[in-house]
>>> print(open('protein36.csv').read())   # CSV, C-alpha atoms and all ligand atoms
chain,number,residue,atom,x,y,z
N,1,MET,CA,118.3,171.0,134.7
N,2,LYS,CA,120.6,168.1,135.7
N,3,PRO,CA,123.1,167.7,132.8
N,4,PHE,CA,125.2,164.6,132.5
N,5,VAL,CA,128.3,164.0,130.3
N,6,MET,CA,128.9,160.4,129.2
N,7,LEU,CA,132.4,159.4,128.3
N,8,PRO,CA,133.1,155.9,126.8
N,9,THR,CA,136.7,155.0,127.3
N,10,TYR,CA,139.2,152.4,126.3
N,11,ASN,CA,142.9,153.1,127.0
N,12,GLU,CA,142.5,156.9,127.6
N,13,SER,CA,144.8,157.1,130.6
N,14,GLU,CA,146.7,160.0,129.0
N,15,ASN,CA,143.5,162.0,128.4
N,16,ILE,CA,140.9,161.2,131.1
N,17,ALA,CA,142.1,163.2,134.1
N,18,LEU,CA,142.7,166.4,132.1
N,19,LEU,CA,139.4,166.0,130.2
N,20,ILE,CA,137.3,165.6,133.4
N,21,GLU,CA,139.0,168.6,134.9
N,22,GLN,CA,138.2,170.7,131.8
N,23,ILE,CA,134.6,169.6,131.6
N,24,LEU,CA,134.0,170.4,135.2
N,25,ARG,CA,135.7,173.8,134.7
N,26,VAL,CA,133.4,174.9,131.9
N,27,CYS,CA,130.3,173.1,133.3
N,28,PRO,CA,130.6,172.9,137.2
N,29,SER,CA,127.0,171.8,137.6
N,30,CYS,CA,127.3,168.7,135.4
N,31,GLN,CA,127.8,165.1,136.4
N,32,ILE,CA,130.2,162.9,134.5
N,33,VAL,CA,129.8,159.2,133.9
N,34,VAL,CA,132.9,157.3,132.4
N,35,VAL,CA,132.1,153.9,131.0
N,36,ASP,CA,135.3,152.0,130.8
N,37,ASP,CA,135.9,148.6,129.3
N,38,ASP,CA,138.5,147.5,131.8
N,39,SER,CA,141.2,149.4,129.9
N,40,PRO,CA,144.6,147.6,130.2
N,41,ASP,CA,146.2,151.0,130.7
N,42,GLY,CA,144.2,151.6,133.9
N,43,THR,CA,142.0,154.4,132.8
N,44,TRP,CA,139.3,153.1,135.2
N,45,ARG,CA,141.7,153.3,138.1
N,46,ILE,CA,142.4,157.0,137.4
N,47,VAL,CA,138.6,157.7,137.3
N,48,GLU,CA,138.1,155.7,140.5
N,49,GLU,CA,140.6,158.0,142.3
N,50,ILE,CA,138.9,161.1,141.0
N,51,ARG,CA,135.5,159.8,142.0
N,52,GLU,CA,136.7,159.3,145.6
N,53,ARG,CA,137.2,163.1,145.9
N,54,ASP,CA,134.5,164.4,143.6
N,55,SER,CA,131.0,163.1,143.8
N,56,ARG,CA,130.1,164.6,140.4
N,57,VAL,CA,132.3,161.9,138.8
N,58,HIS,CA,130.9,158.4,138.3
N,59,LEU,CA,132.4,155.2,136.9
N,60,VAL,CA,130.8,152.2,135.1
N,61,HIS,CA,133.6,149.6,135.0
N,62,ARG,CA,132.7,146.9,132.5
N,63,LYS,CA,134.5,143.7,132.5
N,64,SER,CA,133.2,141.8,129.5
N,65,ASN,CA,131.8,142.3,126.0
N,66,ARG,CA,133.9,145.3,125.1
N,67,GLY,CA,132.3,147.7,122.7
N,68,ARG,CA,131.8,151.4,122.1
N,69,GLY,CA,128.2,150.8,121.4
N,70,ILE,CA,127.3,148.7,124.4
N,71,SER,CA,129.3,151.0,126.6
N,72,GLY,CA,127.4,154.0,125.3
N,73,ILE,CA,124.0,152.4,126.0
N,74,LYS,CA,125.1,151.5,129.6
N,75,GLY,CA,126.3,155.0,130.1
N,76,PHE,CA,123.0,156.6,128.9
N,77,LEU,CA,121.0,154.2,131.1
N,78,TYR,CA,123.2,154.9,134.1
N,79,ALA,CA,122.6,158.7,133.6
N,80,LEU,CA,118.9,158.2,133.3
N,81,ASP,CA,118.9,156.1,136.4
N,82,HIS,CA,120.7,158.9,138.3
N,83,GLY,CA,118.1,161.6,137.3
N,84,ALA,CA,119.8,163.2,134.2
N,85,ASP,CA,117.6,165.7,132.3
N,86,ALA,CA,120.0,165.7,129.4
N,87,VAL,CA,123.0,163.5,128.5
N,88,LEU,CA,125.8,164.5,126.3
N,89,GLU,CA,128.1,161.9,124.8
N,90,MET,CA,131.6,162.8,123.7
N,91,ASP,CA,134.9,161.1,122.8
N,92,ALA,CA,137.5,161.1,125.6
N,93,ASP,CA,140.5,161.9,123.3
N,94,PHE,CA,140.0,165.7,123.1
N,95,SER,CA,138.7,165.4,119.5
N,96,HIS,CA,135.6,167.0,121.0
N,97,ASP,CA,136.4,170.3,122.7
N,98,PRO,CA,134.7,170.7,126.2
N,99,SER,CA,134.4,174.4,125.6
N,100,TYR,CA,131.3,173.7,123.4
N,101,LEU,CA,129.4,172.1,126.4
N,102,PRO,CA,127.5,175.3,127.5
N,103,HIS,CA,126.2,175.7,124.0
N,104,PHE,CA,125.0,172.1,123.9
N,105,PHE,CA,123.3,172.3,127.2
N,106,SER,CA,121.6,175.7,126.5
N,107,SER,CA,120.4,174.4,123.1
N,108,ILE,CA,119.0,171.2,124.5
N,109,GLN,CA,116.4,173.3,126.4
N,110,GLU,CA,114.8,174.0,123.1
N,111,TYR,CA,115.6,170.9,121.0
N,112,ASP,CA,115.2,167.2,121.6
N,113,VAL,CA,118.7,166.3,120.2
N,114,VAL,CA,121.7,168.6,119.7
N,115,SER,CA,124.4,167.2,117.5
N,116,GLY,CA,127.9,168.6,116.9
N,117,SER,CA,128.6,168.9,113.1
N,118,ARG,CA,131.9,169.2,111.3
N,119,PHE,CA,130.0,170.1,108.1
N,120,VAL,CA,127.6,172.9,108.9
N,121,GLN,CA,128.8,176.4,108.4
N,122,GLY,CA,131.4,177.2,111.0
N,123,GLY,CA,132.3,173.6,111.6
N,124,ARG,CA,135.7,172.1,110.7
N,125,ASP,CA,137.4,168.8,110.1
N,126,ALA,CA,140.7,170.1,108.9
N,127,ASP,CA,143.0,168.6,111.4
N,128,ARG,CA,143.0,165.0,110.3
N,129,GLY,CA,144.8,163.4,107.3
N,130,TRP,CA,143.3,163.6,103.8
N,131,LEU,CA,142.2,159.9,103.8
N,132,ARG,CA,140.4,160.1,107.2
N,133,GLN,CA,138.6,163.2,106.0
N,134,ARG,CA,137.5,161.5,102.8
N,135,ILE,CA,136.4,158.3,104.6
N,136,THR,CA,134.2,160.4,107.0
N,137,TYR,CA,132.8,162.4,104.0
N,138,PHE,CA,131.8,159.3,102.1
N,139,ALA,CA,130.5,157.5,105.2
N,140,ASN,CA,128.2,160.5,105.8
N,141,LEU,CA,127.0,160.6,102.2
N,142,TYR,CA,126.3,156.9,102.4
N,143,ILE,CA,124.4,157.2,105.7
N,144,ARG,CA,122.4,160.1,104.5
N,145,ILE,CA,121.3,158.3,101.3
N,146,VAL,CA,120.7,154.8,102.8
N,147,LEU,CA,119.0,156.0,106.0
N,148,ARG,CA,117.4,159.1,104.5
N,149,ILE,CA,118.6,161.3,107.3
N,150,GLN,CA,118.7,165.0,106.5
N,151,LEU,CA,121.7,166.0,108.6
N,152,THR,CA,125.2,167.0,107.6
N,153,ASP,CA,127.1,164.9,110.2
N,154,CYS,CA,125.5,161.6,110.9
N,155,SER,CA,128.5,159.9,112.4
N,156,SER,CA,129.2,162.5,115.0
N,157,GLY,CA,129.8,161.1,118.5
N,158,PHE,CA,129.4,164.6,120.0
N,159,ARG,CA,125.7,164.7,120.8
N,160,CYS,CA,123.3,165.6,123.5
N,161,TYR,CA,119.9,164.0,124.1
N,162,ARG,CA,117.0,165.1,126.2
N,163,ARG,CA,115.8,162.7,128.9
N,164,GLU,CA,112.5,161.9,127.2
N,165,VAL,CA,114.2,161.0,124.0
N,166,LEU,CA,116.5,158.5,125.7
N,167,GLN,CA,113.6,157.0,127.6
N,168,ASN,CA,111.7,156.5,124.3
N,169,LEU,CA,114.6,155.2,122.2
N,170,ASN,CA,114.3,151.7,123.8
N,171,LEU,CA,118.1,151.6,124.3
N,172,PRO,CA,118.4,148.0,125.4
N,173,SER,CA,117.0,146.9,122.0
N,174,MET,CA,119.8,148.6,120.1
N,175,VAL,CA,121.9,146.2,118.0
N,176,SER,CA,125.1,148.2,117.5
N,177,ILE,CA,128.0,146.8,119.5
N,178,GLY,CA,130.6,149.2,118.1
N,179,PRO,CA,130.8,152.8,116.9
N,180,SER,CA,127.7,152.5,114.7
N,181,ILE,CA,125.6,153.1,117.8
N,182,VAL,CA,125.7,156.9,117.0
N,183,GLN,CA,124.0,156.3,113.7
N,184,GLU,CA,121.5,153.9,115.2
N,185,MET,CA,120.4,156.3,117.9
N,186,LEU,CA,120.2,159.2,115.5
N,187,LEU,CA,118.1,157.1,113.1
N,188,ARG,CA,115.7,156.0,115.8
N,189,ALA,CA,115.3,159.6,117.1
N,190,CYS,CA,114.5,160.9,113.6
N,191,GLN,CA,112.0,158.1,113.1
N,192,LEU,CA,110.3,159.1,116.3
N,193,GLY,CA,110.0,162.6,114.9
N,194,TYR,CA,112.3,164.3,117.4
N,195,ASP,CA,113.9,167.7,116.5
N,196,VAL,CA,117.6,167.6,115.9
N,197,LEU,CA,119.7,170.8,115.9
N,198,GLU,CA,123.2,170.7,114.4
N,199,ILE,CA,125.7,173.1,115.9
N,200,PRO,CA,129.1,173.7,114.3
N,201,ILE,CA,132.1,172.1,116.0
N,202,GLU,CA,135.8,172.0,115.1
N,203,PHE,CA,137.0,168.3,115.2
N,204,ARG,CA,140.6,167.9,116.3
N,205,ASP,CA,142.7,164.8,115.8
N,206,ARG,CA,143.7,163.1,119.0
N,207,GLN,CA,147.1,164.3,120.4
N,208,ARG,CA,147.5,161.5,123.0
N,209,GLY,CA,146.6,157.8,123.0
N,210,LYS,CA,145.8,155.6,120.1
N,211,THR,CA,142.7,155.3,117.9
N,212,LYS,CA,140.5,152.2,118.4
N,213,LEU,CA,138.9,152.6,115.0
N,214,THR,CA,140.0,149.7,112.7
N,215,TYR,CA,139.1,148.8,109.1
N,216,ARG,CA,136.9,146.1,110.6
N,217,HIS,CA,134.9,148.7,112.5
N,218,LEU,CA,134.5,150.7,109.2
N,219,ILE,CA,133.3,147.7,107.2
N,220,ASN,CA,130.9,146.7,110.1
N,221,GLY,CA,129.7,150.3,110.2
N,222,PHE,CA,128.8,150.2,106.5
N,223,ARG,CA,127.0,146.8,106.9
N,224,MET,CA,125.2,148.0,110.0
N,225,VAL,CA,123.8,151.0,108.1
N,226,LEU,CA,122.2,148.6,105.6
N,227,LYS,CA,120.9,146.4,108.4
N,228,LEU,CA,119.3,149.5,110.1
N,229,ARG,CA,117.7,150.5,106.8
N,230,PHE,CA,115.7,147.3,106.6
N,231,SER,CA,114.9,146.8,110.3
N,232,LYS,CA,111.7,148.2,111.8
N,233,PRO,CA,111.7,151.4,113.9
N,234,ARG,CA,111.2,150.8,117.6
N,235,LYS,CA,107.9,151.6,119.2
N,236,LYS,CA,107.6,154.6,121.5
N,237,LEU,CA,107.2,153.6,125.1
N,238,LYS,CA,104.0,154.6,126.9
N,239,GLU,CA,104.0,157.7,129.0
N,240,GLY,CA,105.4,156.9,132.5
N,241,SER,CA,106.9,153.6,131.5
N,242,PRO,CA,109.4,152.4,134.0
N,243,GLU,CA,113.0,152.9,133.1
N,244,VAL,CA,115.2,150.0,132.4
N,245,PRO,CA,117.8,149.5,135.1
N,246,VAL,CA,121.5,149.5,134.2
B,301,LIG,N1,134.1,151.8,126.6
B,301,LIG,C1,134.6,151.8,125.4
B,301,LIG,N2,135.0,152.9,124.8
B,301,LIG,C2,135.6,152.8,123.6
B,301,LIG,C3,135.8,151.6,122.9
B,301,LIG,N3,136.4,151.9,121.7
B,301,LIG,C4,136.5,153.2,121.7
B,301,LIG,N4,136.1,153.8,122.8
B,301,LIG,C5,136.1,155.2,123.2
B,301,LIG,O1,135.3,155.9,122.2
B,301,LIG,C6,135.8,157.2,121.9
B,301,LIG,C7,136.1,157.2,120.4
B,301,LIG,O2,137.1,156.3,120.1
B,301,LIG,P1,138.3,156.6,119.1
B,301,LIG,O3,139.3,155.5,119.2
B,301,LIG,O4,138.9,157.9,119.4
B,301,LIG,O5,137.7,156.5,117.7
B,301,LIG,P2,137.3,157.6,116.8
B,301,LIG,O6,137.2,158.9,117.5
B,301,LIG,O7,136.1,157.1,116.0
B,301,LIG,O8,138.6,157.6,115.8
B,301,LIG,P3,139.8,158.6,115.7
B,301,LIG,O9,139.3,159.7,114.8
B,301,LIG,O10,140.9,157.9,115.2
B,301,LIG,O11,140.1,159.2,117.1
B,301,LIG,C8,137.0,157.3,122.7
B,301,LIG,O12,136.7,158.0,123.9
B,301,LIG,C9,137.4,155.9,123.0
B,301,LIG,O13,138.2,155.7,124.2
B,301,LIG,C10,135.3,150.4,123.6
B,301,LIG,O14,135.5,149.3,123.0
B,301,LIG,N5,134.8,150.6,124.8
B,302,MG,MG,138.7,159.7,118.5
>>> encode(input="protein36.csv", output="structure tokens")
Amino acid sequence: MKPFVMLPTYNESENIALLIEQILRVCPSCQIVVVDDDSPDGTWRIVEEIRERDSRVHLVHRKSNRGRGISGIKGFLYALDHGADAVLEMDADFSHDPSYLPHFFSSIQEYDVVSGSRFVQGGRDADRGWLRQRITYFANLYIRIVLRIQLTDCSSGFRCYRREVLQNLNLPSMVSIGPSIVQEMLLRACQLGYDVLEIPIEFRDRQRGKTKLTYRHLINGFRMVLKLRFSKPRKKLKEGSPEVPV
């Protein structure tokens, strides 16, 4: 199996080098693609340097249309284009612990999607402030009710997809520009009938760098969930359809 890790980054210069090192330590056979939106703090430059000495590290340096959602799509398409059998997305701020990676990659051999959950037994979201925890709790409740998804953590950005799932999600047609991409992809995967396994993860608050999540993102996220509820599911592509280039 050829596993890929996809890291969307914006101003993660304090985290990225250490994170790449830790990922490759726990999972030496994986490839990493960092999708950076021309971070003013030079995150992309650090990745470029690492890439020069380690061929497992790839960089997609985007120069326009900044967005967590668009970047994620580009990263998944890049990984597919480079032969990935499974692609795991995670935040580049150490909120998602790289030590879970072997568990994700072994579980994806049996499931279509493996999603890290803070709310299944054994999962935790205790590190963040009371308000952030409440917002996440209500956002999840809202997503579950509106989109009728039977999972405990629908807004998790720590998730692994099998190649076939990504090929069939029709990624270029996704409408989320920002963080709601994680809900959109999950919804479409569920609508196509793919099996999703939730595994417990402990979510930690970021120690370095700043959050990019704003109240505007939150409100857009709530609006986007409604929009997704009333838009049609995408059709599954035919067997052997050509992949869309990055
Ligand atoms: N490429 C790209 N990555 C982004 C963008 N916004 C956020 N990210 C990355 O997406 C991941 C999650 O972003 P965070 O700012 O940590 O947001 P969050 O995890 O939802 O919020 P916190 O709980 O406050 O950390 C991080 O790796 C960010 O660097 C963006 O516009 N473009
Ligand atoms: Mg974060």
>>> atom_distance(input="protein36.csv", atom1="CA of Pro3 in chain N", atom2="CA of Asp36 in chain N")
20.0 Å
>>> residues_near_ligand(input="protein36.csv", ligand="ligand MG 302 (chain B)", cutoff="8 Å", atoms="all atoms listed in the file", output="VMD selection string")
chain N and resid 91 to 95 205 to 206 211 to 213
>>> write_last_selection(input="protein36.csv", atoms="C-alpha atoms", output="PDB file, in the coordinates of the input")
ATOM      1  CA  ASP N  91     134.900 161.100 122.800  1.00  0.00           C
ATOM      2  CA  ALA N  92     137.500 161.100 125.600  1.00  0.00           C
ATOM      3  CA  ASP N  93     140.500 161.900 123.300  1.00  0.00           C
ATOM      4  CA  PHE N  94     140.000 165.700 123.100  1.00  0.00           C
ATOM      5  CA  SER N  95     138.700 165.400 119.500  1.00  0.00           C
ATOM      6  CA  ASP N 205     142.700 164.800 115.800  1.00  0.00           C
ATOM      7  CA  ARG N 206     143.700 163.100 119.000  1.00  0.00           C
ATOM      8  CA  THR N 211     142.700 155.300 117.900  1.00  0.00           C
ATOM      9  CA  LYS N 212     140.500 152.200 118.400  1.00  0.00           C
ATOM     10  CA  LEU N 213     138.900 152.600 115.000  1.00  0.00           C
TER      11      LEU N 213
END
>>> closest_residue(input="protein36.csv", among="N:Ala17, N:Val196, N:Leu228, N:Arg68", to="Ile50 in chain N", atoms="all atoms listed in the file")
N:Ala17
>>> axis_aligned_box(input="protein36.csv", around="ligand LIG 301 (chain B)", padding_each_side="4 Å", output="AutoDock Vina command-line options")
--center_x 137.5 --center_y 154.5 --center_z 120.7 --size_x 14.8 --size_y 18.4 --size_z 19.8
>>> residues_near_ligand(input="protein36.csv", ligand="ligand LIG 301 (chain B)", cutoff="9 Å", atoms="all atoms listed in the file", output="PyMOL selection string")
chain N and resi 7-12+16+34-39+61-62+65-72+90-96+128+132+155-157+177-179+203-206+209-214
>>> closest_residue(input="protein36.csv", among="N:Ala79, N:Val225, N:Ile199, N:Leu59", to="Val175 in chain N", atoms="all atoms listed in the file")
N:Val225
>>> closest_residue(input="protein36.csv", among="N:Pro40, N:Pro28, N:Gly83, N:Gly129", to="Arg162 in chain N", atoms="all atoms listed in the file")
N:Gly83
>>> closest_residue(input="protein36.csv", among="N:Met185, N:Asp81, N:Gly122, N:Ser180", to="Arg216 in chain N", atoms="only C-alpha atoms")
N:Ser180
>>> atom_distance(input="protein36.csv", atom1="CA of Asp41 in chain N", atom2="CA of Gln22 in chain N")
21.3 Å
>>> closest_residue(input="protein36.csv", among="N:Ala139, N:Leu169, N:Ile23, N:Leu80", to="Arg188 in chain N", atoms="all atoms listed in the file")
N:Leu169
>>> residues_near_point(input="protein36.csv", point="(136.9, 155.4, 142.0)", cutoff="12 Å", atoms="all atoms listed in the file", output="list in words")
Val33, Val34, Asp36, Gly42, Thr43, Trp44, Arg45, Ile46, Val47, Glu48, Glu49, Ile50, Arg51, Glu52, Arg53, Asp54, Ser55, Arg56, Val57, His58, Leu59, Val60 and His61 of chain N
>>> decode(input="protein36.csv", residues="range 1-51 of chain N", atoms="C-alpha atoms", output="PDB file, in the first residue's frame")
ATOM      1  CA  MET N   1       0.000   0.000   0.000  1.00  0.00           C
ATOM      2  CA  LYS N   2       1.241   3.500  -0.847  1.00  0.00           C
ATOM      3  CA  PRO N   3       0.033   5.823   1.954  1.00  0.00           C
ATOM      4  CA  PHE N   4       0.032   9.611   1.635  1.00  0.00           C
ATOM      5  CA  VAL N   5      -0.371  12.257   4.339  1.00  0.00           C
ATOM      6  CA  MET N   6      -1.869  15.559   3.204  1.00  0.00           C
ATOM      7  CA  LEU N   7      -1.115  18.660   5.278  1.00  0.00           C
ATOM      8  CA  PRO N   8      -2.864  21.949   4.457  1.00  0.00           C
ATOM      9  CA  THR N   9      -0.790  24.813   5.838  1.00  0.00           C
ATOM     10  CA  TYR N  10      -1.047  28.513   6.365  1.00  0.00           C
ATOM     11  CA  ASN N  11       1.553  30.116   8.636  1.00  0.00           C
ATOM     12  CA  GLU N  12       2.734  26.901  10.277  1.00  0.00           C
ATOM     13  CA  SER N  13       6.471  27.670  10.162  1.00  0.00           C
ATOM     14  CA  GLU N  14       6.812  26.873  13.866  1.00  0.00           C
ATOM     15  CA  ASN N  15       5.267  23.419  13.445  1.00  0.00           C
ATOM     16  CA  ILE N  16       5.929  22.069   9.970  1.00  0.00           C
ATOM     17  CA  ALA N  17       9.514  20.770  10.179  1.00  0.00           C
ATOM     18  CA  LEU N  18       8.969  18.936  13.467  1.00  0.00           C
ATOM     19  CA  LEU N  19       5.639  17.539  12.284  1.00  0.00           C
ATOM     20  CA  ILE N  20       7.124  16.164   9.051  1.00  0.00           C
ATOM     21  CA  GLU N  21       9.957  14.598  11.074  1.00  0.00           C
ATOM     22  CA  GLN N  22       7.513  12.932  13.495  1.00  0.00           C
ATOM     23  CA  ILE N  23       5.238  11.659  10.716  1.00  0.00           C
ATOM     24  CA  LEU N  24       8.158  10.067   8.878  1.00  0.00           C
ATOM     25  CA  ARG N  25       9.436   8.567  12.114  1.00  0.00           C
ATOM     26  CA  VAL N  26       6.180   6.724  12.865  1.00  0.00           C
ATOM     27  CA  CYS N  27       5.417   5.996   9.230  1.00  0.00           C
ATOM     28  CA  PRO N  28       8.658   5.815   7.199  1.00  0.00           C
ATOM     29  CA  SER N  29       6.929   4.359   4.141  1.00  0.00           C
ATOM     30  CA  CYS N  30       4.527   7.240   3.687  1.00  0.00           C
ATOM     31  CA  GLN N  31       4.721  10.228   1.379  1.00  0.00           C
ATOM     32  CA  ILE N  32       3.749  13.683   2.586  1.00  0.00           C
ATOM     33  CA  VAL N  33       2.207  16.426   0.505  1.00  0.00           C
ATOM     34  CA  VAL N  34       2.062  19.891   2.058  1.00  0.00           C
ATOM     35  CA  VAL N  35      -0.381  22.292   0.417  1.00  0.00           C
ATOM     36  CA  ASP N  36       0.618  25.787   1.357  1.00  0.00           C
ATOM     37  CA  ASP N  37      -1.194  28.986   0.456  1.00  0.00           C
ATOM     38  CA  ASP N  38       1.926  31.106   0.054  1.00  0.00           C
ATOM     39  CA  SER N  39       2.216  31.577   3.822  1.00  0.00           C
ATOM     40  CA  PRO N  40       3.716  34.978   4.681  1.00  0.00           C
ATOM     41  CA  ASP N  41       5.777  33.292   7.424  1.00  0.00           C
ATOM     42  CA  GLY N  42       7.585  31.177   4.786  1.00  0.00           C
ATOM     43  CA  THR N  43       6.184  27.737   5.709  1.00  0.00           C
ATOM     44  CA  TRP N  44       6.510  26.729   2.029  1.00  0.00           C
ATOM     45  CA  ARG N  45      10.204  27.669   2.033  1.00  0.00           C
ATOM     46  CA  ILE N  46      10.893  25.295   4.942  1.00  0.00           C
ATOM     47  CA  VAL N  47       9.055  22.506   3.108  1.00  0.00           C
ATOM     48  CA  GLU N  48      10.994  23.245  -0.067  1.00  0.00           C
ATOM     49  CA  GLU N  49      14.261  22.773   1.837  1.00  0.00           C
ATOM     50  CA  ILE N  50      13.113  19.473   3.350  1.00  0.00           C
ATOM     51  CA  ARG N  51      11.873  18.281  -0.048  1.00  0.00           C
TER      52      ARG N  51
END
